[in-house]
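The structure file run.txt is reproduced below (compact mmCIF, C-alpha atoms and all ligand atoms).
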```txt
# COMPACT_ATOMS: atom_id res chain seq x y z
CA MET A 56 0.00 0.00 0.00
CA THR A 57 1.26 3.45 -0.86
CA MET A 58 1.74 6.20 1.71
CA ASN A 59 1.84 9.99 1.47
CA VAL A 60 5.00 11.34 3.04
CA LEU A 61 5.69 14.94 4.02
CA VAL A 62 9.24 15.83 3.03
CA THR A 63 10.35 19.08 4.67
CA GLY A 64 13.24 20.50 2.68
CA GLY A 65 12.02 18.43 -0.29
CA ALA A 66 13.34 21.07 -2.73
CA GLY A 67 16.86 20.82 -1.30
CA TYR A 68 19.83 18.66 -2.17
CA ILE A 69 19.27 15.49 -0.12
CA GLY A 70 15.52 16.06 0.14
CA SER A 71 14.97 16.12 -3.62
CA HIS A 72 17.03 12.98 -4.19
CA THR A 73 14.97 11.31 -1.49
CA CYS A 74 11.69 12.40 -3.15
CA LYS A 75 12.86 10.63 -6.28
CA ALA A 76 13.77 7.47 -4.35
CA LEU A 77 10.43 7.58 -2.52
CA ALA A 78 8.47 7.85 -5.76
CA GLN A 79 10.44 4.96 -7.25
CA ALA A 80 9.64 2.90 -4.15
CA GLY A 81 5.89 3.59 -4.47
CA PHE A 82 5.53 6.38 -1.87
CA PHE A 83 3.97 9.77 -2.67
CA PRO A 84 6.26 12.62 -1.56
CA VAL A 85 4.74 16.00 -0.66
CA ALA A 86 7.59 18.52 -0.50
CA TYR A 87 7.29 21.27 2.12
CA ASP A 88 9.92 23.95 1.56
CA ASN A 89 10.36 27.70 1.91
CA LEU A 90 12.67 27.74 -1.14
CA SER A 91 15.27 29.74 0.80
CA THR A 92 17.99 27.38 -0.38
CA GLY A 93 15.93 24.78 -2.26
CA HIS A 94 14.76 25.03 -5.87
CA GLU A 95 11.34 24.69 -7.42
CA TRP A 96 12.89 22.79 -10.35
CA ALA A 97 14.05 20.10 -7.94
CA VAL A 98 10.47 19.20 -6.95
CA ARG A 99 9.47 16.72 -9.64
CA TRP A 100 7.93 13.72 -7.96
CA GLY A 101 4.96 15.25 -6.14
CA PRO A 102 3.47 18.61 -5.13
CA LEU A 103 5.32 21.49 -3.49
CA VAL A 104 3.80 23.29 -0.52
CA ARG A 105 5.67 26.52 0.07
CA GLY A 106 5.93 27.28 3.76
CA GLU A 107 8.05 27.86 6.83
CA LEU A 108 8.64 25.43 9.70
CA ALA A 109 7.33 28.23 11.91
CA GLU A 110 3.90 28.06 10.20
CA GLY A 111 2.31 25.47 12.48
CA GLU A 112 -1.17 25.94 11.09
CA LEU A 113 -0.01 25.42 7.50
CA LEU A 114 1.91 22.32 8.55
CA ARG A 115 -1.13 20.88 10.31
CA ARG A 116 -3.38 21.65 7.36
CA THR A 117 -0.93 20.14 4.87
CA MET A 118 -0.65 16.97 6.94
CA SER A 119 -4.40 16.53 7.15
CA GLU A 120 -5.23 17.58 3.57
CA TYR A 121 -2.72 15.16 2.09
CA GLY A 122 -3.43 12.39 4.60
CA ILE A 123 0.24 12.30 5.53
CA GLY A 124 1.38 8.98 7.04
CA SER A 125 4.95 9.92 7.95
CA VAL A 126 7.39 12.84 7.91
CA LEU A 127 10.92 13.00 6.55
CA HIS A 128 12.54 16.12 8.00
CA PHE A 129 15.40 17.63 5.99
CA ALA A 130 14.65 21.35 6.30
CA GLY A 131 17.40 23.09 8.21
CA TRP A 132 20.62 25.04 7.91
CA SER A 133 23.64 22.82 7.46
CA TYR A 134 26.85 24.81 7.30
CA VAL A 135 29.29 24.02 10.08
CA GLY A 136 31.39 27.17 9.56
CA GLU A 137 28.39 29.51 9.31
CA SER A 138 26.82 28.05 12.45
CA VAL A 139 29.83 29.13 14.50
CA HIS A 140 29.38 32.75 13.41
CA ALA A 141 25.55 32.83 13.29
CA PRO A 142 24.32 30.45 16.01
CA ARG A 143 20.97 32.23 16.43
CA LYS A 144 20.04 31.32 12.87
CA TYR A 145 20.70 27.64 13.69
CA TYR A 146 18.90 27.64 17.03
CA ARG A 147 15.86 29.40 15.59
CA ASN A 148 15.40 27.24 12.54
CA ASN A 149 16.97 23.88 13.31
CA LEU A 150 15.84 23.71 16.91
CA ILE A 151 12.75 25.89 17.37
CA GLY A 152 11.49 25.16 13.85
CA THR A 153 11.77 21.42 14.39
CA VAL A 154 9.98 21.53 17.74
CA GLY A 155 7.13 23.31 15.91
CA LEU A 156 7.09 20.52 13.32
CA LEU A 157 6.93 17.83 16.02
CA ASP A 158 4.06 19.62 17.69
CA ALA A 159 2.21 19.91 14.38
CA MET A 160 2.70 16.15 13.91
CA LEU A 161 1.23 15.44 17.35
CA ASP A 162 -1.77 17.66 16.58
CA ALA A 163 -2.31 16.00 13.20
CA GLY A 164 -1.85 12.46 14.54
CA VAL A 165 1.27 11.69 12.46
CA GLU A 166 3.33 9.28 14.51
CA THR A 167 6.57 8.57 12.63
CA ILE A 168 9.47 10.76 11.53
CA VAL A 169 12.84 10.24 9.89
CA PHE A 170 15.17 13.02 10.98
CA SER A 171 18.28 14.30 9.17
CA SER A 172 20.97 14.27 11.81
CA THR A 173 24.69 14.45 11.36
CA CYS A 174 28.10 13.13 12.34
CA ALA A 175 28.67 16.68 13.67
CA THR A 176 26.76 15.54 16.78
CA TYR A 177 29.86 13.54 17.78
CA GLY A 178 32.33 16.42 17.99
CA MET A 179 36.01 15.57 18.30
CA PRO A 180 36.53 11.93 17.33
CA GLU A 181 37.91 9.63 20.00
CA ALA A 182 38.33 6.71 17.58
CA GLU A 183 39.31 6.09 13.95
CA LEU A 184 35.78 4.94 13.14
CA LEU A 185 32.78 6.42 14.91
CA ASP A 186 29.91 4.12 15.78
CA GLU A 187 26.61 5.18 17.31
CA THR A 188 27.89 4.68 20.86
CA HIS A 189 30.61 7.33 20.44
CA PRO A 190 30.05 10.21 22.91
CA GLN A 191 28.06 13.08 21.44
CA CYS A 192 29.84 16.34 22.31
CA PRO A 193 29.36 18.72 19.36
CA VAL A 194 31.98 21.37 18.68
CA ASN A 195 29.75 23.68 16.65
CA PRO A 196 26.19 25.03 16.91
CA TYR A 197 25.10 23.03 13.87
CA GLY A 198 25.91 19.77 15.66
CA GLU A 199 24.43 21.10 18.91
CA THR A 200 21.06 21.89 17.39
CA LYS A 201 20.87 18.50 15.65
CA LEU A 202 21.76 16.71 18.89
CA ALA A 203 19.11 18.69 20.79
CA ILE A 204 16.50 17.39 18.35
CA GLU A 205 17.74 13.82 18.62
CA ARG A 206 17.24 14.14 22.37
CA ALA A 207 13.81 15.76 21.97
CA LEU A 208 12.79 12.86 19.73
CA ARG A 209 13.69 10.39 22.47
CA TRP A 210 11.67 12.28 25.09
CA TYR A 211 8.73 12.81 22.75
CA GLY A 212 8.84 9.07 22.05
CA GLU A 213 8.62 8.33 25.78
CA ALA A 214 5.68 10.63 26.34
CA TYR A 215 3.69 10.59 23.09
CA PRO A 216 2.79 8.11 20.36
CA MET A 217 5.81 9.04 18.24
CA ARG A 218 8.56 6.85 16.81
CA SER A 219 11.61 8.19 15.00
CA VAL A 220 14.72 7.26 13.10
CA ALA A 221 17.61 9.75 13.27
CA LEU A 222 20.04 9.31 10.39
CA ARG A 223 23.48 10.70 11.12
CA TYR A 224 24.88 11.60 7.73
CA PHE A 225 28.56 11.86 7.17
CA ASN A 226 29.44 13.96 4.06
CA ALA A 227 26.73 13.93 1.38
CA ALA A 228 28.18 14.20 -2.12
CA GLY A 229 27.58 13.32 -5.77
CA ALA A 230 24.40 13.71 -7.81
CA ASP A 231 21.55 11.77 -9.37
CA GLU A 232 22.74 9.19 -11.93
CA ASN A 233 20.40 10.63 -14.60
CA THR A 234 21.51 14.21 -13.89
CA GLU A 235 17.92 15.24 -13.14
CA ILE A 236 18.89 16.89 -9.85
CA GLY A 237 22.06 17.68 -7.94
CA GLU A 238 23.77 20.03 -5.52
CA ALA A 239 23.09 23.74 -6.18
CA HIS A 240 23.89 25.89 -3.18
CA ASP A 241 24.34 29.63 -3.45
CA PRO A 242 26.93 30.40 -2.29
CA GLU A 243 28.49 26.95 -2.52
CA THR A 244 30.62 26.05 0.49
CA HIS A 245 31.01 22.28 0.13
CA LEU A 246 34.34 20.88 -0.86
CA ILE A 247 33.58 18.64 -3.83
CA PRO A 248 31.54 21.13 -5.92
CA LEU A 249 34.10 23.83 -5.15
CA VAL A 250 36.98 21.62 -6.33
CA ILE A 251 35.02 20.78 -9.48
CA GLU A 252 34.30 24.45 -10.15
CA ALA A 253 37.99 25.23 -9.74
CA ALA A 254 38.82 22.54 -12.31
CA MET A 255 36.16 23.74 -14.75
CA GLU A 256 36.68 27.48 -14.66
CA ALA A 257 39.91 29.20 -15.54
CA GLY A 258 41.06 31.58 -12.83
CA ARG A 259 39.28 29.74 -10.00
CA ASP A 260 41.11 28.06 -7.15
CA VAL A 261 40.18 26.16 -4.02
CA SER A 262 41.24 26.90 -0.45
CA ILE A 263 42.42 24.00 1.67
CA PHE A 264 41.20 24.69 5.20
CA GLY A 265 44.03 23.40 7.35
CA THR A 266 47.21 21.67 6.23
CA ASP A 267 48.58 20.98 9.70
CA TYR A 268 46.13 18.34 10.93
CA PRO A 269 47.65 15.15 12.38
CA THR A 270 46.61 13.19 9.27
CA PRO A 271 48.91 11.54 6.69
CA ASP A 272 48.91 14.56 4.33
CA GLY A 273 47.99 17.20 6.92
CA THR A 274 44.50 17.87 5.51
CA ALA A 275 41.16 16.96 7.11
CA ILE A 276 39.53 13.62 6.46
CA ARG A 277 35.82 13.04 5.82
CA ASP A 278 33.63 10.09 4.87
CA TYR A 279 31.89 11.04 1.59
CA VAL A 280 28.67 9.15 0.91
CA HIS A 281 26.67 9.39 -2.31
CA VAL A 282 23.42 11.35 -2.01
CA SER A 283 21.48 8.57 -3.78
CA ASP A 284 22.68 6.12 -1.13
CA LEU A 285 21.44 8.52 1.55
CA ALA A 286 18.11 8.74 -0.29
CA ASP A 287 17.81 4.93 -0.27
CA ALA A 288 18.52 4.87 3.47
CA HIS A 289 15.46 7.09 4.03
CA VAL A 290 13.24 4.68 2.14
CA GLN A 291 14.61 1.86 4.26
CA ALA A 292 14.10 3.88 7.45
CA LEU A 293 10.49 4.53 6.45
CA ARG A 294 9.93 0.82 5.90
CA TYR A 295 11.57 0.11 9.25
CA LEU A 296 9.14 2.44 11.02
CA ARG A 297 6.18 1.11 9.06
CA ALA A 298 7.07 -2.37 10.28
CA GLY A 299 6.42 -1.08 13.81
CA ARG A 300 10.08 -1.18 14.88
CA PRO A 301 11.24 1.01 17.79
CA SER A 302 12.94 4.41 17.55
CA ALA A 303 16.58 4.18 16.50
CA TRP A 304 19.56 6.15 15.21
CA PHE A 305 22.01 5.14 12.54
CA ASN A 306 25.24 6.39 11.01
CA LEU A 307 25.24 6.72 7.24
CA GLY A 308 28.74 6.61 5.83
CA THR A 309 31.06 4.28 3.96
CA GLY A 310 33.71 3.57 6.60
CA LEU A 311 36.34 5.04 4.27
CA GLY A 312 37.88 8.45 4.77
CA HIS A 313 39.33 10.79 2.14
CA SER A 314 41.44 13.84 2.84
CA VAL A 315 40.86 17.23 1.22
CA GLN A 316 44.04 16.65 -0.77
CA GLU A 317 42.77 13.25 -1.96
CA ILE A 318 39.54 14.85 -3.18
CA ILE A 319 41.52 17.38 -5.18
CA SER A 320 43.65 14.59 -6.69
CA ALA A 321 40.54 12.53 -7.54
CA VAL A 322 39.00 15.48 -9.42
CA GLU A 323 42.30 16.06 -11.23
CA ARG A 324 42.48 12.38 -12.23
CA PHE A 325 38.89 12.34 -13.46
CA SER A 326 39.08 15.58 -15.41
CA GLY A 327 42.67 15.53 -16.59
CA ARG A 328 42.86 19.15 -15.40
CA ARG A 329 44.87 20.77 -12.67
CA VAL A 330 43.07 22.23 -9.69
CA PRO A 331 44.84 25.33 -8.34
CA ALA A 332 44.82 25.03 -4.55
CA ARG A 333 45.84 27.49 -1.90
CA HIS A 334 46.63 26.71 1.71
CA ALA A 335 44.32 28.46 4.16
CA GLY A 336 43.93 28.26 7.91
CA ARG A 337 41.73 25.73 9.65
CA ARG A 338 38.00 26.42 9.52
CA ALA A 339 36.37 27.01 12.92
CA GLY A 340 34.42 24.04 14.26
CA ASP A 341 36.12 21.43 12.05
CA PRO A 342 37.33 18.14 13.58
CA GLN A 343 40.39 16.54 11.94
CA HIS A 344 38.66 13.37 10.80
CA LEU A 345 35.12 12.01 10.75
CA VAL A 346 34.65 8.49 9.41
CA ALA A 347 31.67 6.24 10.06
CA ASP A 348 31.28 2.77 11.37
CA ALA A 349 27.94 2.14 9.65
CA ARG A 350 27.49 -1.53 10.52
CA LYS A 351 24.36 -0.83 12.54
CA ALA A 352 22.56 0.57 9.47
CA ALA A 353 23.67 -2.51 7.53
CA SER A 354 22.39 -4.99 10.08
CA GLU A 355 19.16 -3.25 11.19
CA LEU A 356 18.08 -1.31 8.09
CA GLY A 357 19.69 -3.54 5.48
CA TRP A 358 21.45 -0.44 4.10
CA LYS A 359 24.75 -0.59 2.27
CA PRO A 360 26.10 2.24 0.13
CA GLN A 361 26.11 1.08 -3.50
CA ASN A 362 27.12 4.30 -5.29
CA SER A 363 29.67 5.82 -2.97
CA SER A 364 33.04 5.06 -4.54
CA LEU A 365 35.00 8.30 -4.81
CA GLU A 366 35.16 7.83 -8.60
CA ASN A 367 31.37 7.61 -8.84
CA ILE A 368 30.86 10.58 -6.55
CA VAL A 369 33.22 12.73 -8.62
CA ARG A 370 31.79 11.47 -11.93
CA THR A 371 28.15 12.22 -11.04
CA ALA A 372 28.99 15.52 -9.32
CA TRP A 373 31.01 16.62 -12.35
CA ARG A 374 28.26 15.73 -14.85
CA TRP A 375 25.68 17.54 -12.75
CA ARG A 376 27.83 20.66 -12.36
CA ALA A 377 28.45 20.77 -16.13
CA ARG A 378 24.70 20.52 -16.81
CA TYR A 379 23.77 23.06 -14.13
CA GLU A 380 26.38 25.59 -15.27
CA SER A 381 25.20 25.43 -18.87
CA ALA A 382 21.53 25.77 -17.82
CA GLU A 383 22.44 28.78 -15.65
CA HIS A 384 24.38 30.27 -18.53
CA GLU A 385 21.37 29.87 -20.84
CA ARG A 386 19.03 31.35 -18.25
CA ARG A 387 21.24 34.41 -17.80
CA ALA A 388 21.61 34.84 -21.56
CA LEU A 389 17.81 34.65 -21.97
CA ALA A 390 17.19 37.18 -19.19
CA PHE A 391 19.76 39.49 -20.79
CA SER A 392 18.26 39.25 -24.27
CA ARG A 393 14.70 40.04 -23.09
CA PRO A 394 13.64 43.61 -23.93
N1 LIG B 401 37.01 22.30 2.95
C1 LIG B 401 38.14 22.91 2.41
N2 LIG B 401 37.93 23.93 1.52
C2 LIG B 401 36.68 24.37 1.15
C3 LIG B 401 35.55 23.73 1.72
C4 LIG B 401 35.75 22.70 2.61
O1 LIG B 401 39.25 22.57 2.72
O2 LIG B 401 36.59 25.32 0.36
C5 LIG B 401 37.20 21.19 3.91
C6 LIG B 401 36.48 21.38 5.23
O3 LIG B 401 37.28 22.13 6.13
C7 LIG B 401 36.25 19.93 5.67
C8 LIG B 401 36.03 19.19 4.34
O4 LIG B 401 36.61 20.04 3.34
O5 LIG B 401 37.41 19.40 6.27
C9 LIG B 401 34.57 18.99 4.00
O6 LIG B 401 33.91 20.22 4.16
P1 LIG B 401 32.43 20.49 3.61
O7 LIG B 401 32.14 21.94 3.85
O8 LIG B 401 32.30 19.97 2.22
O9 LIG B 401 31.50 19.56 4.53
P2 LIG B 401 31.35 19.49 6.14
O10 LIG B 401 32.39 18.50 6.60
O11 LIG B 401 31.54 20.85 6.68
O12 LIG B 401 29.96 18.99 6.33
```

Representation of the structure as structure tokens:
Amino acid sequence: MTMNVLVTGGAGYIGSHTCKALAQAGFFPVAYDNLSTGHEWAVRWGPLVRGELAEGELLRRTMSEYGIGSVLHFAGWSYVGESVHAPRKYYRNNLIGTVGLLDAMLDAGVETIVFSSTCATYGMPEAELLDETHPQCPVNPYGETKLAIERALRWYGEAYPMRSVALRYFNAAGADENTEIGEAHDPETHLIPLVIEAAMEAGRDVSIFGTDYPTPDGTAIRDYVHVSDLADAHVQALRYLRAGRPSAWFNLGTGLGHSVQEIISAVERFSGRRVPARHAGRRAGDPQHLVADARKAASELGWKPQNSSLENIVRTAWRWRARYESAEHERRALAFSRP
């Protein structure tokens, strides 16, 4: 039987890829997005309701009008560096906004939610691989606000008829295999698209944030996981909740780390072009390495990343960027030529 699913942030990067995966799996995604960073063109597999998390009444109405059976909650700010300098933005939207969403769910009788959490809830790593039992001591407001919601979900689950799955993403990367959707942030701050842009455009370079980390090449290590694999994990989490299983939290990563320098080299190998790189200081709030132990998601959700080799991430991200740049170019040319 199909189910209507409210996807907050459904016009965004991971949200839109998940809407596609949901539709392919027989669910009906209703995207709820304020389009502050998301794109109308990315909503292709169901309707778009334009609204804020703070609009409780609109949320309640949307849930009842569409007969929503479950919520996938992506909407939120997600820049580590920015969160250090603008914490109020993160507390207001990620924390207060999400509490409003949970309350709207309780009012509308929607009992299950899959929440976009993050490896940033762990803070400074105390092990090579982080499993779900690693202490959660965030070192930036982004991680703090996500952890606060994980905790709220546990307490709400104790007190109310609400079950949840929190998915702790490591670094989302890559783009849809058919190039229908992909990453399009403005301004872009994520490493892989920035490295690709520096390879594509003459005169562009990329800054390496920190070259003095205690890692083999001195640059920070992250676990890059393909966005389509993350999307599949949400479908599996939804099925898990539908099967009546208890609230849970899972890491989503590959178990393999790549340094900033390795990402630059991978893009150079793929493109045959040189990426001009400049050494910059460490970025505030950045741990030296974050790599997942994702065995729990494998054993309890049946999730294994299928598309997350670095080659595939770079290949799909490159193809998407090329398509997006040329569409943007056409759009600007059209706007310019209009009388
Ligand atoms: N990074 C970098 N230069 C950039 C952007 C990012 O060196 O222009 C580094 C960043 O410090 C981190 C890694 O690349 O170690 C991944 O950063 P990103 O912003 O892509 O994701 P995050 O880890 O913050 O979620």

task: Find the residue from A:Glu199, A:Asp260, A:Glu137, A:Glu110 that sits nearest to Arg338 (chain A); use all atoms listed in the file when measuring.
output: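 Among A:Glu199, A:Asp260, A:Glu137, A:Glu110, it is A:Glu137 that comes nearest to Arg338 (chain A).
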
Once you count all atoms listed in the file, what closest atom pair and distance in Å to one decimal does each residue of chain A within 10 Å of ligand LIG 401 (chain B) have, with rows by chain and rising residue number, as CSV?
```
residue,atom,partner,partner_atom,distance
A:Ser133,CA,B:LIG401,O12,7.5
A:Tyr134,CA,B:LIG401,O11,6.2
A:Val135,CA,B:LIG401,O11,5.2
A:Gly136,CA,B:LIG401,O11,6.9
A:Glu137,CA,B:LIG401,O11,9.6
A:Thr173,CA,B:LIG401,O12,8.6
A:Cys174,CA,B:LIG401,O12,8.6
A:Ala175,CA,B:LIG401,O12,7.8
A:Tyr197,CA,B:LIG401,O12,9.8
A:Tyr224,CA,B:LIG401,O12,9.1
A:Phe225,CA,B:LIG401,O12,7.3
A:Asn226,CA,B:LIG401,O12,5.5
A:Ala227,CA,B:LIG401,O12,7.8
A:Ala228,CA,B:LIG401,O8,8.3
A:Glu243,CA,B:LIG401,O2,8.7
A:Thr244,CA,B:LIG401,O7,5.5
A:His245,CA,B:LIG401,O8,3.4
A:Leu246,CA,B:LIG401,O8,3.8
A:Ile247,CA,B:LIG401,O8,6.3
A:Pro248,CA,B:LIG401,O8,8.3
A:Leu249,CA,B:LIG401,O2,6.2
A:Val250,CA,B:LIG401,O2,7.7
A:Asp260,CA,B:LIG401,O2,9.2
A:Val261,CA,B:LIG401,O2,5.7
A:Ser262,CA,B:LIG401,N2,4.9
A:Ile263,CA,B:LIG401,O1,3.6
A:Phe264,CA,B:LIG401,O1,3.8
A:Gly265,CA,B:LIG401,O1,6.7
A:Thr266,CA,B:LIG401,O1,8.7
A:Tyr268,CA,B:LIG401,O5,9.9
A:Thr274,CA,B:LIG401,O5,7.3
A:Ala275,CA,B:LIG401,O5,4.6
A:Ile276,CA,B:LIG401,O5,6.2
A:Arg277,CA,B:LIG401,C8,6.3
A:Asp278,CA,B:LIG401,O10,8.7
A:Tyr279,CA,B:LIG401,C9,8.7
A:His313,CA,B:LIG401,C8,9.3
A:Ser314,CA,B:LIG401,O5,7.7
A:Val315,CA,B:LIG401,O4,5.5
A:Gln316,CA,B:LIG401,O1,8.4
A:Ile318,CA,B:LIG401,O4,8.8
A:Ile319,CA,B:LIG401,O1,9.7
A:Ala332,CA,B:LIG401,N2,9.2
A:Arg333,CA,B:LIG401,N2,9.3
A:His334,CA,B:LIG401,O1,8.5
A:Ala335,CA,B:LIG401,O1,7.9
A:Gly336,CA,B:LIG401,O1,9.0
A:Arg337,CA,B:LIG401,O3,6.7
A:Arg338,CA,B:LIG401,O3,5.5
A:Ala339,CA,B:LIG401,O3,8.4
A:Gly340,CA,B:LIG401,O11,8.7
A:Asp341,CA,B:LIG401,O3,6.1
A:Pro342,CA,B:LIG401,O5,7.4
A:Gln343,CA,B:LIG401,O5,7.0
A:His344,CA,B:LIG401,O5,7.6
A:Leu345,CA,B:LIG401,O10,8.2
```

task: Give the answer as one residue: which of A:Arg324, A:Arg378, A:Arg386, A:Arg300 has the shortest atom-to-atom distance to Leu356 (chain A), using only C-alpha atoms?
output: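 Among the listed residues, the smallest separation from Leu356 (chain A) belongs to A:Arg300.
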
message: Please report the interatomic distance between CA of Ala109 (chain A) and CA of Ile236 (chain A) in Å with one decimal.
response: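 Computing it gives 27.1 Å between the two atoms.
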
field: Atom-to-atom span, CA of Ala130 (chain A) and CA of Ser381 (chain A), Å
entry: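 Going from CA of Ala130 (chain A) over to CA of Ser381 (chain A) covers 27.6 Å.
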
Near-His128 (chain A) list (7 Å; all atoms listed in the file; drop same-chain fewer than 6 positions) as a compact mmCIF listing (two decimals) with C-alpha atoms, in the frame of the given file:
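New file out.txt:
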```txt
# COMPACT_ATOMS: atom_id res chain seq x y z
CA VAL A 62 9.24 15.83 3.03
CA THR A 63 10.35 19.08 4.67
CA GLY A 64 13.24 20.50 2.68
CA VAL A 169 12.84 10.24 9.89
CA PHE A 170 15.17 13.02 10.98
CA SER A 171 18.28 14.30 9.17
```

task: Can you pull out every residue within 12 Å of Leu150 (chain A), counting all atoms listed in the file, but drop anything in the same chain fewer than 2 positions away, and send it as a ChimeraX atom specification?
output: /A:108-109,130-132,142-148,152-157,172,196-208
